[in-house]
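Structure file upload-v7.pdb; described as PDB, C-alpha atoms.
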ATOM      1  CA  MET A  12      27.504  23.031 -26.460
ATOM      2  CA  HIS A  13      25.273  20.019 -26.985
ATOM      3  CA  ASP A  14      21.614  20.042 -27.987
ATOM      4  CA  SER A  15      18.992  18.622 -25.671
ATOM      5  CA  SER A  16      17.026  15.588 -26.722
ATOM      6  CA  ASP A  17      13.626  14.857 -25.202
ATOM      7  CA  GLU A  18      13.008  11.143 -25.265
ATOM      8  CA  HIS A  19       9.323  10.349 -24.772
ATOM      9  CA  MET A  20       8.645   6.952 -23.393
ATOM     10  CA  LEU A  21       6.358   5.000 -21.106
ATOM     11  CA  GLU A  22       8.176   2.651 -18.816
ATOM     12  CA  ARG A  23       6.833   1.321 -15.557
ATOM     13  CA  ILE A  24       9.165   2.358 -12.753
ATOM     14  CA  LEU A  25       8.797  -0.983 -11.032
ATOM     15  CA  ALA A  26       8.883  -3.085 -14.209
ATOM     16  CA  GLY A  27      12.192  -4.664 -13.150
ATOM     17  CA  ASN A  28      10.744  -5.784  -9.828
ATOM     18  CA  ASP A  29       7.466  -6.931 -11.407
ATOM     19  CA  ASP A  30       9.287  -9.034 -14.011
ATOM     20  CA  LEU A  31      11.421 -10.672 -11.352
ATOM     21  CA  ALA A  32       8.322 -11.307  -9.245
ATOM     22  CA  GLU A  33       6.824 -13.186 -12.208
ATOM     23  CA  HIS A  34      10.034 -15.228 -12.393
ATOM     24  CA  ASN A  35       9.719 -16.024  -8.686
ATOM     25  CA  ARG A  36       6.110 -17.068  -9.204
ATOM     26  CA  GLU A  37       7.223 -19.515 -11.898
ATOM     27  CA  HIS A  38       9.687 -21.012  -9.409
ATOM     28  CA  PHE A  39       6.963 -21.314  -6.774
ATOM     29  CA  ASP A  40       4.669 -23.016  -9.253
ATOM     30  CA  GLU A  41       7.392 -25.414 -10.396
ATOM     31  CA  LEU A  42       7.927 -26.307  -6.743
ATOM     32  CA  ASN A  43       4.148 -26.761  -6.229
ATOM     33  CA  LEU A  44       4.193 -24.447  -3.239
ATOM     34  CA  THR A  45       1.819 -21.707  -2.138
ATOM     35  CA  ALA A  46       3.551 -18.451  -1.221
ATOM     36  CA  VAL A  47       1.841 -15.999   1.119
ATOM     37  CA  ASN A  48       3.177 -12.482   1.699
ATOM     38  CA  ILE A  49       2.383 -11.353   5.265
ATOM     39  CA  MET A  50       2.491  -7.569   5.685
ATOM     40  CA  SER A  51       1.667  -5.138   8.490
ATOM     41  CA  ALA A  52       2.904  -2.162  10.455
ATOM     42  CA  PRO A  53       5.757  -2.905  12.885
ATOM     43  CA  GLY A  54       4.529  -4.642  16.010
ATOM     44  CA  ALA A  55       1.164  -5.787  14.651
ATOM     45  CA  GLY A  56       1.901  -9.376  15.614
ATOM     46  CA  LYS A  57       3.153 -11.027  12.421
ATOM     47  CA  THR A  58       5.685 -13.226  14.178
ATOM     48  CA  SER A  59       3.269 -14.184  16.958
ATOM     49  CA  LEU A  60       0.659 -15.202  14.393
ATOM     50  CA  LEU A  61       3.241 -17.216  12.460
ATOM     51  CA  GLU A  62       4.362 -18.971  15.653
ATOM     52  CA  CYS A  63       0.759 -20.125  16.193
ATOM     53  CA  THR A  64       0.314 -20.970  12.515
ATOM     54  CA  VAL A  65       3.465 -23.069  12.280
ATOM     55  CA  ALA A  66       2.686 -24.869  15.538
ATOM     56  CA  THR A  67      -0.762 -25.842  14.237
ATOM     57  CA  LEU A  68      -0.144 -26.471  10.564
ATOM     58  CA  ALA A  69       3.330 -28.041  10.610
ATOM     59  CA  PRO A  70       1.954 -31.545  11.227
ATOM     60  CA  LYS A  71      -0.309 -31.111   8.193
ATOM     61  CA  HIS A  72       1.846 -29.175   5.727
ATOM     62  CA  ASN A  73       5.539 -28.809   4.998
ATOM     63  CA  ILE A  74       6.069 -25.125   5.891
ATOM     64  CA  PHE A  75       9.007 -22.800   5.308
ATOM     65  CA  VAL A  76       9.230 -19.233   6.622
ATOM     66  CA  LEU A  77      11.083 -16.453   4.834
ATOM     67  CA  GLU A  78      11.763 -13.798   7.435
ATOM     68  CA  GLY A  79      12.344 -10.186   6.394
ATOM     69  CA  ASP A  80      13.795  -7.681   8.835
ATOM     70  CA  MET A  81      15.921  -4.606   8.430
ATOM     71  CA  VAL A  82      18.438  -5.959  10.959
ATOM     72  CA  GLY A  83      18.843  -8.905  13.293
ATOM     73  CA  ASN A  84      17.330 -12.356  13.508
ATOM     74  CA  LEU A  85      15.168 -12.172  16.638
ATOM     75  CA  ASP A  86      11.977 -13.145  14.806
ATOM     76  CA  ALA A  87      13.706 -15.961  12.932
ATOM     77  CA  GLU A  88      14.947 -17.373  16.234
ATOM     78  CA  ARG A  89      11.446 -17.228  17.709
ATOM     79  CA  LEU A  90      10.097 -19.164  14.739
ATOM     80  CA  ARG A  91      12.891 -21.730  14.890
ATOM     81  CA  ARG A  92      11.958 -22.354  18.508
ATOM     82  CA  VAL A  93       8.508 -23.550  17.389
ATOM     83  CA  GLY A  94      10.126 -25.847  14.844
ATOM     84  CA  ALA A  95       9.934 -23.753  11.690
ATOM     85  CA  SER A  96      12.501 -23.914   8.912
ATOM     86  CA  VAL A  97      13.478 -20.269   8.466
ATOM     87  CA  PHE A  98      15.631 -18.213   6.102
ATOM     88  CA  GLN A  99      16.485 -14.719   7.270
ATOM     89  CA  ILE A 100      16.786 -11.779   4.897
ATOM     90  CA  CYS A 101      18.186  -8.586   6.405
ATOM     91  CA  THR A 102      17.182  -5.727   4.146
ATOM     92  CA  GLY A 103      19.538  -3.151   5.691
ATOM     93  CA  ARG A 104      18.261   0.327   4.902
ATOM     94  CA  SER A 105      15.425  -0.956   2.764
ATOM     95  CA  CYS A 106      12.010  -0.881   4.447
ATOM     96  CA  HIS A 107      10.540  -3.775   2.461
ATOM     97  CA  LEU A 108      11.372  -7.048   0.775
ATOM     98  CA  ASP A 109      11.659  -6.951  -3.010
ATOM     99  CA  ALA A 110      11.553  -9.558  -5.747
ATOM    100  CA  GLN A 111      15.333  -9.662  -6.128
ATOM    101  CA  MET A 112      15.837 -10.546  -2.462
ATOM    102  CA  VAL A 113      13.328 -13.374  -2.819
ATOM    103  CA  ALA A 114      14.951 -14.521  -6.078
ATOM    104  CA  ARG A 115      18.334 -14.802  -4.349
ATOM    105  CA  PHE A 116      16.698 -16.845  -1.582
ATOM    106  CA  LEU A 117      15.062 -19.127  -4.151
ATOM    107  CA  HIS A 118      18.392 -19.787  -5.813
ATOM    108  CA  THR A 119      20.044 -20.511  -2.458
ATOM    109  CA  GLU A 120      17.612 -22.557  -0.427
ATOM    110  CA  PRO A 121      16.416 -26.017  -1.491
ATOM    111  CA  LEU A 122      12.622 -25.924  -1.171
ATOM    112  CA  ALA A 123      11.687 -29.275  -2.677
ATOM    113  CA  GLY A 124       8.705 -30.685  -0.803
ATOM    114  CA  VAL A 125       7.730 -27.376   0.794
ATOM    115  CA  GLU A 126       3.978 -26.792   0.397
ATOM    116  CA  LEU A 127       3.525 -23.442   2.130
ATOM    117  CA  LEU A 128       5.996 -20.561   2.081
ATOM    118  CA  LEU A 129       5.090 -17.879   4.604
ATOM    119  CA  ILE A 130       6.928 -14.642   3.835
ATOM    120  CA  GLU A 131       7.060 -12.234   6.774
ATOM    121  CA  ASN A 132       7.704  -8.858   5.185
ATOM    122  CA  VAL A 133       9.384  -5.935   6.936
ATOM    123  CA  GLY A 134       6.969  -4.053   9.196
ATOM    124  CA  ASN A 135       5.637  -1.218   7.042
ATOM    125  CA  LEU A 136       2.204  -0.406   5.590
ATOM    126  CA  VAL A 137       3.478   1.605   2.624
ATOM    127  CA  CYS A 138       6.330   0.212   0.509
ATOM    128  CA  PRO A 139       5.590  -3.550   0.726
ATOM    129  CA  ALA A 140       2.328  -2.838  -1.112
ATOM    130  CA  ASP A 141       4.168  -1.735  -4.237
ATOM    131  CA  PHE A 142       6.856  -4.416  -4.365
ATOM    132  CA  LYS A 143       5.456  -7.720  -5.562
ATOM    133  CA  LEU A 144       7.462 -10.770  -4.581
ATOM    134  CA  GLY A 145       5.772 -13.398  -6.740
ATOM    135  CA  GLU A 146       3.427 -14.443  -3.955
ATOM    136  CA  HIS A 147       0.104 -16.148  -4.604
ATOM    137  CA  LYS A 148      -1.711 -14.416  -1.757
ATOM    138  CA  ARG A 149      -1.205 -11.132   0.054
ATOM    139  CA  VAL A 150      -2.283 -10.817   3.679
ATOM    140  CA  VAL A 151      -2.318  -7.666   5.816
ATOM    141  CA  LEU A 152      -2.407  -7.786   9.617
ATOM    142  CA  LEU A 153      -4.079  -4.921  11.452
ATOM    143  CA  SER A 154      -3.777  -4.949  15.231
ATOM    144  CA  VAL A 155      -6.605  -3.458  17.219
ATOM    145  CA  THR A 156      -4.180  -1.103  18.968
ATOM    146  CA  GLU A 157      -3.517   0.675  15.662
ATOM    147  CA  GLY A 158      -6.984   2.097  15.058
ATOM    148  CA  ASP A 159      -9.820   1.178  12.704
ATOM    149  CA  ASP A 160      -9.016   4.142  10.430
ATOM    150  CA  LYS A 161      -5.793   2.579   9.114
ATOM    151  CA  PRO A 162      -7.386   1.265   5.893
ATOM    152  CA  ILE A 163      -8.309   4.852   4.998
ATOM    153  CA  LYS A 164      -4.802   6.089   5.751
ATOM    154  CA  TYR A 165      -3.052   3.277   3.855
ATOM    155  CA  PRO A 166      -5.472   2.462   1.017
ATOM    156  CA  VAL A 167      -2.935   0.924  -1.356
ATOM    157  CA  ILE A 168      -2.003  -2.049   0.793
ATOM    158  CA  PHE A 169      -5.596  -2.737   1.848
ATOM    159  CA  ARG A 170      -6.857  -2.518  -1.733
ATOM    160  CA  SER A 171      -4.267  -4.969  -3.040
ATOM    161  CA  CYS A 172      -4.555  -7.704  -0.410
ATOM    162  CA  ASP A 173      -6.530 -10.943  -0.402
ATOM    163  CA  ALA A 174      -7.108 -11.123   3.342
ATOM    164  CA  VAL A 175      -6.907  -8.974   6.461
ATOM    165  CA  VAL A 176      -6.232 -10.477   9.873
ATOM    166  CA  PHE A 177      -7.245  -8.383  12.868
ATOM    167  CA  THR A 178      -4.736  -9.232  15.583
ATOM    168  CA  LYS A 179      -4.438  -8.697  19.363
ATOM    169  CA  CYS A 180      -8.232  -8.997  19.619
ATOM    170  CA  ASP A 181      -7.930  -9.986  23.283
ATOM    171  CA  LEU A 182      -7.365  -6.228  23.754
ATOM    172  CA  LEU A 183     -10.675  -5.213  22.165
ATOM    173  CA  PRO A 184     -12.363  -4.503  25.535
ATOM    174  CA  TYR A 185      -9.633  -1.979  26.319
ATOM    175  CA  VAL A 186      -9.231  -0.070  23.057
ATOM    176  CA  ASP A 187     -11.506   2.073  20.925
ATOM    177  CA  PHE A 188     -11.430  -0.185  17.877
ATOM    178  CA  ASP A 189     -14.623  -1.102  16.042
ATOM    179  CA  ILE A 190     -14.128  -4.279  14.031
ATOM    180  CA  GLU A 191     -17.241  -3.693  11.925
ATOM    181  CA  ARG A 192     -16.136  -0.144  11.091
ATOM    182  CA  ALA A 193     -12.675  -1.403  10.181
ATOM    183  CA  ILE A 194     -14.146  -4.079   7.887
ATOM    184  CA  ASP A 195     -16.416  -1.473   6.329
ATOM    185  CA  ASN A 196     -13.423   0.809   5.707
ATOM    186  CA  ILE A 197     -11.571  -2.042   4.017
ATOM    187  CA  ARG A 198     -14.508  -3.183   1.891
ATOM    188  CA  VAL A 199     -14.937   0.329   0.464
ATOM    189  CA  LEU A 200     -11.559  -0.258  -1.140
ATOM    190  CA  ASN A 201     -11.583  -4.013  -1.591
ATOM    191  CA  GLU A 202     -14.959  -5.690  -1.908
ATOM    192  CA  ASP A 203     -13.755  -9.289  -1.998
ATOM    193  CA  VAL A 204     -11.289  -9.265   0.881
ATOM    194  CA  GLU A 205     -11.496 -12.042   3.478
ATOM    195  CA  THR A 206     -11.234 -11.067   7.144
ATOM    196  CA  PHE A 207     -10.190 -12.918  10.295
ATOM    197  CA  VAL A 208     -10.412 -11.840  13.932
ATOM    198  CA  VAL A 209      -7.688 -13.476  16.022
ATOM    199  CA  SER A 210      -5.716 -13.335  19.227
ATOM    200  CA  SER A 211      -2.369 -15.126  19.169
ATOM    201  CA  LYS A 212      -2.178 -14.655  22.942
ATOM    202  CA  ASP A 213      -5.551 -16.256  23.739
ATOM    203  CA  LYS A 214      -5.428 -18.557  20.691
ATOM    204  CA  THR A 215      -8.855 -17.433  19.498
ATOM    205  CA  GLY A 216      -9.970 -17.159  15.881
ATOM    206  CA  LEU A 217      -6.964 -19.102  14.654
ATOM    207  CA  THR A 218      -8.939 -22.082  13.357
ATOM    208  CA  GLU A 219     -10.531 -19.998  10.582
ATOM    209  CA  TRP A 220      -7.190 -18.450   9.640
ATOM    210  CA  ASN A 221      -5.398 -21.801   9.564
ATOM    211  CA  SER A 222      -8.239 -23.326   7.547
ATOM    212  CA  TRP A 223      -7.983 -20.522   5.000
ATOM    213  CA  LEU A 224      -4.258 -21.181   4.595
ATOM    214  CA  SER A 225      -4.832 -24.926   4.341
ATOM    215  CA  GLN A 226      -7.480 -24.332   1.687
ATOM    216  CA  LYS A 227      -5.011 -22.312  -0.375
ATOM    217  CA  VAL A 228      -2.468 -25.133  -0.190
ATOM    218  CA  GLY A 229      -5.186 -27.663  -1.023
ATOM    219  CA  ALA A 230      -6.426 -25.577  -3.958
ATOM    220  CA  LYS A 231      -2.904 -25.423  -5.324
ATOM    221  CA  VAL A 232      -2.525 -29.192  -5.128
ATOM    222  CA  ALA A 233      -5.958 -29.684  -6.736
ATOM    223  CA  SER A 234      -5.132 -27.317  -9.590
ATOM    224  CA  LEU A 235      -1.928 -29.218 -10.270
ATOM    225  CA  GLU A 236      -3.708 -32.561 -10.219
ATOM    226  CA  SER A 237      -6.346 -31.359 -12.673
TER
ATOM    227  CA  MET B  15      11.848   3.702  -6.197
ATOM    228  CA  ALA B  16      14.511   6.352  -6.799
ATOM    229  CA  GLN B  17      16.979   3.626  -7.771
ATOM    230  CA  SER B  18      14.533   2.181 -10.279
ATOM    231  CA  ILE B  19      13.974   5.602 -11.876
ATOM    232  CA  LEU B  20      17.701   6.249 -12.168
ATOM    233  CA  ARG B  21      18.329   2.767 -13.590
ATOM    234  CA  ILE B  22      15.791   3.448 -16.352
ATOM    235  CA  ALA B  23      17.468   6.792 -17.128
ATOM    236  CA  SER B  24      20.959   5.265 -17.160
ATOM    237  CA  LYS B  25      19.808   2.565 -19.538
ATOM    238  CA  LYS B  26      18.244   5.142 -21.851
ATOM    239  CA  LEU B  27      21.389   7.265 -21.774
ATOM    240  CA  ALA B  28      23.583   4.284 -22.615
ATOM    241  CA  SER B  29      21.403   3.367 -25.579
ATOM    242  CA  THR B  30      21.146   6.858 -27.084
ATOM    243  CA  ALA B  31      23.929   7.988 -29.367
ATOM    244  CA  HIS B  32      25.745  11.331 -28.954
ATOM    245  CA  THR B  33      24.530  11.965 -25.409
ATOM    246  CA  ASP B  34      26.387  11.783 -22.113
ATOM    247  CA  THR B  35      24.150  13.536 -19.585
ATOM    248  CA  VAL B  36      20.626  13.111 -18.238
ATOM    249  CA  THR B  37      19.278  16.565 -17.419
ATOM    250  CA  ALA B  38      15.731  15.633 -16.375
ATOM    251  CA  ILE B  39      13.535  12.630 -15.773
ATOM    252  CA  HIS B  40       9.774  13.051 -16.045
ATOM    253  CA  VAL B  41       7.588  10.700 -14.037
ATOM    254  CA  ILE B  42       3.877  10.369 -13.334
ATOM    255  CA  ILE B  43       2.736   9.067  -9.979
ATOM    256  CA  GLY B  44      -0.839   8.126  -9.245
ATOM    257  CA  GLN B  45      -2.500   9.517  -6.138
ATOM    258  CA  PHE B  46      -3.377   5.951  -5.137
ATOM    259  CA  ARG B  47       0.280   4.994  -4.835
ATOM    260  CA  ASN B  48       0.741   6.700  -1.462
ATOM    261  CA  ILE B  49       4.101   8.079  -2.560
ATOM    262  CA  ASP B  50       5.335  11.261  -0.935
ATOM    263  CA  ILE B  51       6.943  13.235  -3.738
ATOM    264  CA  ASP B  52       9.221  15.247  -1.416
ATOM    265  CA  SER B  53      10.574  12.048   0.132
ATOM    266  CA  LEU B  54      11.115  10.539  -3.303
ATOM    267  CA  LYS B  55      12.959  13.659  -4.464
ATOM    268  CA  PHE B  56      15.071  13.664  -1.312
ATOM    269  CA  ALA B  57      16.135  10.055  -1.935
ATOM    270  CA  PHE B  58      16.622  10.754  -5.641
ATOM    271  CA  ASP B  59      18.881  13.766  -5.010
ATOM    272  CA  ASN B  60      20.987  11.747  -2.585
ATOM    273  CA  ILE B  61      21.661   8.789  -4.843
ATOM    274  CA  ARG B  62      21.782  10.391  -8.318
ATOM    275  CA  PRO B  63      25.599  10.948  -8.181
ATOM    276  CA  MET B  64      25.964   7.150  -8.115
ATOM    277  CA  TYR B  65      24.572   6.898 -11.649
ATOM    278  CA  ALA B  66      26.811   7.906 -14.555
ATOM    279  CA  GLY B  67      25.576  11.028 -16.334
ATOM    280  CA  CYS B  68      22.830  11.647 -13.763
ATOM    281  CA  SER B  69      24.668  13.591 -11.070
ATOM    282  CA  ASN B  70      22.753  16.835 -11.662
ATOM    283  CA  CYS B  71      19.554  15.620 -13.262
ATOM    284  CA  LEU B  72      16.186  16.831 -12.070
ATOM    285  CA  LEU B  73      13.241  14.669 -11.131
ATOM    286  CA  GLU B  74      10.029  16.197 -12.441
ATOM    287  CA  ALA B  75       7.053  14.415 -10.926
ATOM    288  CA  GLU B  76       3.414  14.904 -11.841
ATOM    289  CA  VAL B  77       0.753  13.525  -9.541
ATOM    290  CA  ILE B  78      -2.228  11.974 -11.314
ATOM    291  CA  ALA B  79      -5.516  12.306  -9.437
ATOM    292  CA  ALA B  80      -7.443   9.133  -8.761
ATOM    293  CA  ARG B  81     -10.616   8.493 -10.775
ATOM    294  CA  ALA B  82     -12.760   5.472 -10.075
ATOM    295  CA  THR B  83     -15.996   3.864 -11.073
ATOM    296  CA  CYS B  84     -18.411   3.426  -8.188
ATOM    297  CA  ARG B  85     -19.258  -0.229  -7.763
ATOM    298  CA  GLY B  86     -22.797   0.721  -6.690
ATOM    299  CA  CYS B  87     -24.068   3.295  -9.187
ATOM    300  CA  SER B  88     -21.272   3.182 -11.801
ATOM    301  CA  ARG B  89     -20.719   6.921 -11.490
ATOM    302  CA  THR B  90     -17.156   8.103 -12.096
ATOM    303  CA  TYR B  91     -15.755   9.997  -9.128
ATOM    304  CA  ASN B  92     -12.555  11.074  -7.373
ATOM    305  CA  PRO B  93     -12.026   8.745  -4.410
ATOM    306  CA  ASP B  94     -10.234  10.618  -1.653
ATOM    307  CA  MET B  95      -9.438  10.281   2.002
ATOM    308  CA  ALA B  96     -11.807  13.086   2.994
ATOM    309  CA  SER B  97     -14.796  10.978   1.912
ATOM    310  CA  SER B  98     -13.190   7.682   3.011
ATOM    311  CA  PHE B  99     -13.033   6.833  -0.713
ATOM    312  CA  ARG B 100     -16.829   6.541  -0.927
ATOM    313  CA  CYS B 101     -18.913   7.567  -3.894
ATOM    314  CA  PRO B 102     -20.451  11.012  -3.206
ATOM    315  CA  GLN B 103     -23.705   9.952  -4.892
ATOM    316  CA  CYS B 104     -24.523   6.603  -3.284
ATOM    317  CA  GLY B 105     -21.844   6.048  -0.621
ATOM    318  CA  ASN B 106     -20.669   2.806  -2.180
ATOM    319  CA  GLY B 107     -17.049   1.794  -2.633
ATOM    320  CA  VAL B 108     -14.302   1.921  -5.223
ATOM    321  CA  GLY B 109     -14.839  -0.338  -8.184
ATOM    322  CA  GLN B 110     -12.379  -0.095 -11.032
ATOM    323  CA  LEU B 111      -9.679   2.543 -10.712
ATOM    324  CA  ILE B 112      -9.452   4.423 -14.001
ATOM    325  CA  THR B 113      -6.473   6.549 -12.993
ATOM    326  CA  GLY B 114      -4.424   6.935  -9.847
ATOM    327  CA  GLU B 115      -2.177   3.887  -9.949
ATOM    328  CA  GLU B 116       0.369   5.253 -12.420
ATOM    329  CA  LEU B 117       4.034   4.832 -11.602
ATOM    330  CA  ASP B 118       5.816   5.486 -14.873
ATOM    331  CA  VAL B 119       8.722   7.260 -16.443
ATOM    332  CA  ILE B 120       7.196   9.203 -19.344
ATOM    333  CA  GLY B 121      10.189  11.156 -20.580
ATOM    334  CA  ILE B 122      13.894  11.694 -20.225
ATOM    335  CA  THR B 123      15.804  14.765 -21.335
ATOM    336  CA  LEU B 124      19.309  13.961 -22.531
ATOM    337  CA  ARG B 125      22.170  16.171 -23.607
TER
END
Output the structure of this file as structure tokens.
Amino acid sequence: MHDSSDEHMLERILAGNDDLAEHNREHFDELNLTAVNIMSAPGAGKTSLLECTVATLAPKHNIFVLEGDMVGNLDAERLRRVGASVFQICTGRSCHLDAQMVARFLHTEPLAGVELLLIENVGNLVCPADFKLGEHKRVVLLSVTEGDDKPIKYPVIFRSCDAVVFTKCDLLPYVDFDIERAIDNIRVLNEDVETFVVSSKDKTGLTEWNSWLSQKVGAKVASLES
Amino acid sequence: MAQSILRIASKKLASTAHTDTVTAIHVIIGQFRNIDIDSLKFAFDNIRPMYAGCSNCLLEAEVIAARATCRGCSRTYNPDMASSFRCPQCGNGVGQLITGEELDVIGITLR
């Protein structure tokens, strides 16, 4: 019979992922690119927004899209059709991208000259919040068909993001979604968050969103030059 | 998450002399992590046989309540969904979270 030994310790459960995310960030910085992690529930319109974004910003910035899905490459194909360079990660049974998946991509894909890396995470409002990828900015999409109470139900992801994009806003006349209430619910958790109100279908509100992305790329270049 | 916990336990087991079994792993999980403990335990129980010495180990999880400083009146309060995370005194929002974001292994029992 062996004796038991209680080993007291304090180790962050996600330390391995966080450390690798830092490593990824170093790679991004060496490459002088801005990485943006785009997260939302399934069907909130991530791919549609990225189609519009790539179509508008590609003449201005060298863009690469990292596409995360559990299975298939339907979204990657849609983005290729608008001219995007895309790398597909299929996560299998995992409901989110993690830093190791992104690290493998970084060691596989030549990204020299890329200025903006748009990472479309797997559709999920829970797990992607906890798994850092090394991104510079975190963006959450909230479609108006989901309800303005979502920030209260999923506080972690809304507290940890830099911007929220309200999508499918062409449907606002038909759904019971109050943009001001939604913003208020988010700001209770995250005072400094930026918000955008867009419709990828009607192409409204996209100028502000694209400008915000361009500013992030520009700020990165300026910080490197200084 | 379950994989990460078991990896930490396996590493500890491998580095501790005269032990060959993990009997329990003690974790703390902040309320503001949105982690469902039953789901975590379900995943944990399903994958633990894949980790040497962990096939029968227990996951003991303690949930840590969220405590925050109100960004309006600086009062310390428990932000919760029932009050939409607002300060009960002034209705303002969450400033600094004092507790509630923990996600740590705090102990491992080895045999």
Which chain A residues are at most 10 Å from chain B (counting all atoms listed in the file), as a CSV table (one decimal) with C-alpha atoms, in the frame of the given file?
chain,number,residue,atom,x,y,z
A,12,MET,CA,27.5,23.0,-26.5
A,13,HIS,CA,25.3,20.0,-27.0
A,14,ASP,CA,21.6,20.0,-28.0
A,15,SER,CA,19.0,18.6,-25.7
A,16,SER,CA,17.0,15.6,-26.7
A,17,ASP,CA,13.6,14.9,-25.2
A,18,GLU,CA,13.0,11.1,-25.3
A,19,HIS,CA,9.3,10.3,-24.8
A,20,MET,CA,8.6,7.0,-23.4
A,21,LEU,CA,6.4,5.0,-21.1
A,22,GLU,CA,8.2,2.7,-18.8
A,23,ARG,CA,6.8,1.3,-15.6
A,24,ILE,CA,9.2,2.4,-12.8
A,25,LEU,CA,8.8,-1.0,-11.0
A,26,ALA,CA,8.9,-3.1,-14.2
A,27,GLY,CA,12.2,-4.7,-13.2
A,28,ASN,CA,10.7,-5.8,-9.8
A,137,VAL,CA,3.5,1.6,2.6
A,138,CYS,CA,6.3,0.2,0.5
A,140,ALA,CA,2.3,-2.8,-1.1
A,141,ASP,CA,4.2,-1.7,-4.2
A,142,PHE,CA,6.9,-4.4,-4.4
A,160,ASP,CA,-9.0,4.1,10.4
A,162,PRO,CA,-7.4,1.3,5.9
A,163,ILE,CA,-8.3,4.9,5.0
A,164,LYS,CA,-4.8,6.1,5.8
A,165,TYR,CA,-3.1,3.3,3.9
A,166,PRO,CA,-5.5,2.5,1.0
A,167,VAL,CA,-2.9,0.9,-1.4
A,168,ILE,CA,-2.0,-2.0,0.8
A,170,ARG,CA,-6.9,-2.5,-1.7
A,195,ASP,CA,-16.4,-1.5,6.3
A,196,ASN,CA,-13.4,0.8,5.7
A,197,ILE,CA,-11.6,-2.0,4.0
A,198,ARG,CA,-14.5,-3.2,1.9
A,199,VAL,CA,-14.9,0.3,0.5
A,200,LEU,CA,-11.6,-0.3,-1.1
A,201,ASN,CA,-11.6,-4.0,-1.6
A,202,GLU,CA,-15.0,-5.7,-1.9
- Query: Please, what distance in Å, to one decimal, runs between atom CA of Leu111 of chain B and atom CA of Ala80 of chain B?
  - Reply: 7.2 Å
Using all atoms listed in the file, determine which residues lie at most 8 Å from segment 219-230 of chain A, disregarding the query and same-chain residues fewer than 5 positions distant; provide the list as an mmCIF file with C-alpha atoms, in the coordinates of the input.
data_model
loop_
_atom_site.group_PDB
_atom_site.id
_atom_site.type_symbol
_atom_site.label_atom_id
_atom_site.label_comp_id
_atom_site.auth_asym_id
_atom_site.auth_seq_id
_atom_site.Cartn_x
_atom_site.Cartn_y
_atom_site.Cartn_z
ATOM 1 C CA LEU A 44 4.193 -24.447 -3.239
ATOM 2 C CA THR A 45 1.819 -21.707 -2.138
ATOM 3 C CA THR A 64 0.314 -20.970 12.515
ATOM 4 C CA THR A 67 -0.762 -25.842 14.237
ATOM 5 C CA LEU A 68 -0.144 -26.471 10.564
ATOM 6 C CA GLU A 126 3.978 -26.792 0.397
ATOM 7 C CA LEU A 127 3.525 -23.442 2.130
ATOM 8 C CA PHE A 207 -10.190 -12.918 10.295
#
Would you give the centre and edge lengths, in Å to one decimal, of a box along x, y and z around the listed atoms of segment 112-118 of chain B, with 6 Å added to each side, as lines of an AutoDock Vina configuration file?
center_x = -1.8
center_y = 5.4
center_z = -12.4
size_x = 27.3
size_y = 15.0
size_z = 17.0
- Gap from atom CA of Ala110 of chain A to atom CA of Ala32 of chain A - Å, one decimal: 5.1 Å
- Could you state the separation of atom CA of Ala23 of chain B and atom CA of Met112 of chain A in Å, given to one decimal place? 22.8 Å
- Ref. answer, residues at most 9 Å from (12.3, -3.4, 9.9) with all atoms listed in the file, as an NGL selection string: :A and (53 or 79-82 or 101-107 or 132-135)
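Minimum atom-to-atom distance to Asn70 of chain B, evaluated using all atoms listed in the file, belongs to B:Phe58 out of B:Gly114, B:Ala82, B:Asp52, B:Phe58.
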- Task: Would you mind listing what lies within 6 Å of Arg81 of chain B as a ChimeraX atom specification, with only C-alpha atoms counted and same-chain residues fewer than 5 positions away left out?
- Result: /B:91-92,112-113
- Given the PyMOL selection byres ((chain A and resi 51) around 6), the residues it picks as a VMD selection string: chain A and resid 50 52 134 to 136 151 to 152
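In terms of minimum interatomic distance to Thr206 of chain A, A:Ile190 ranks closest within A:Gly56, A:Pro121, A:Ile190, A:Asn73, counting only C-alpha atoms.
Shortest atom-to-atom contact with Tyr185 of chain A among A:Ser211, A:Thr156, A:Gln99, A:Ser171: A:Thr156, counting all atoms listed in the file.
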- Point out the residue among B:Ala31, B:Pro63, B:Ser24, B:Gly44 with the least atom-to-atom distance to Val77 of chain B, counting only C-alpha atoms. B:Gly44
- Item | Protein/DNA/RNA residues near (4.6, -10.0, 3.1), cut 7 Å, all atoms listed in the file, as number ranges by chain | A: 47-50, 130-132, 139, 149-150
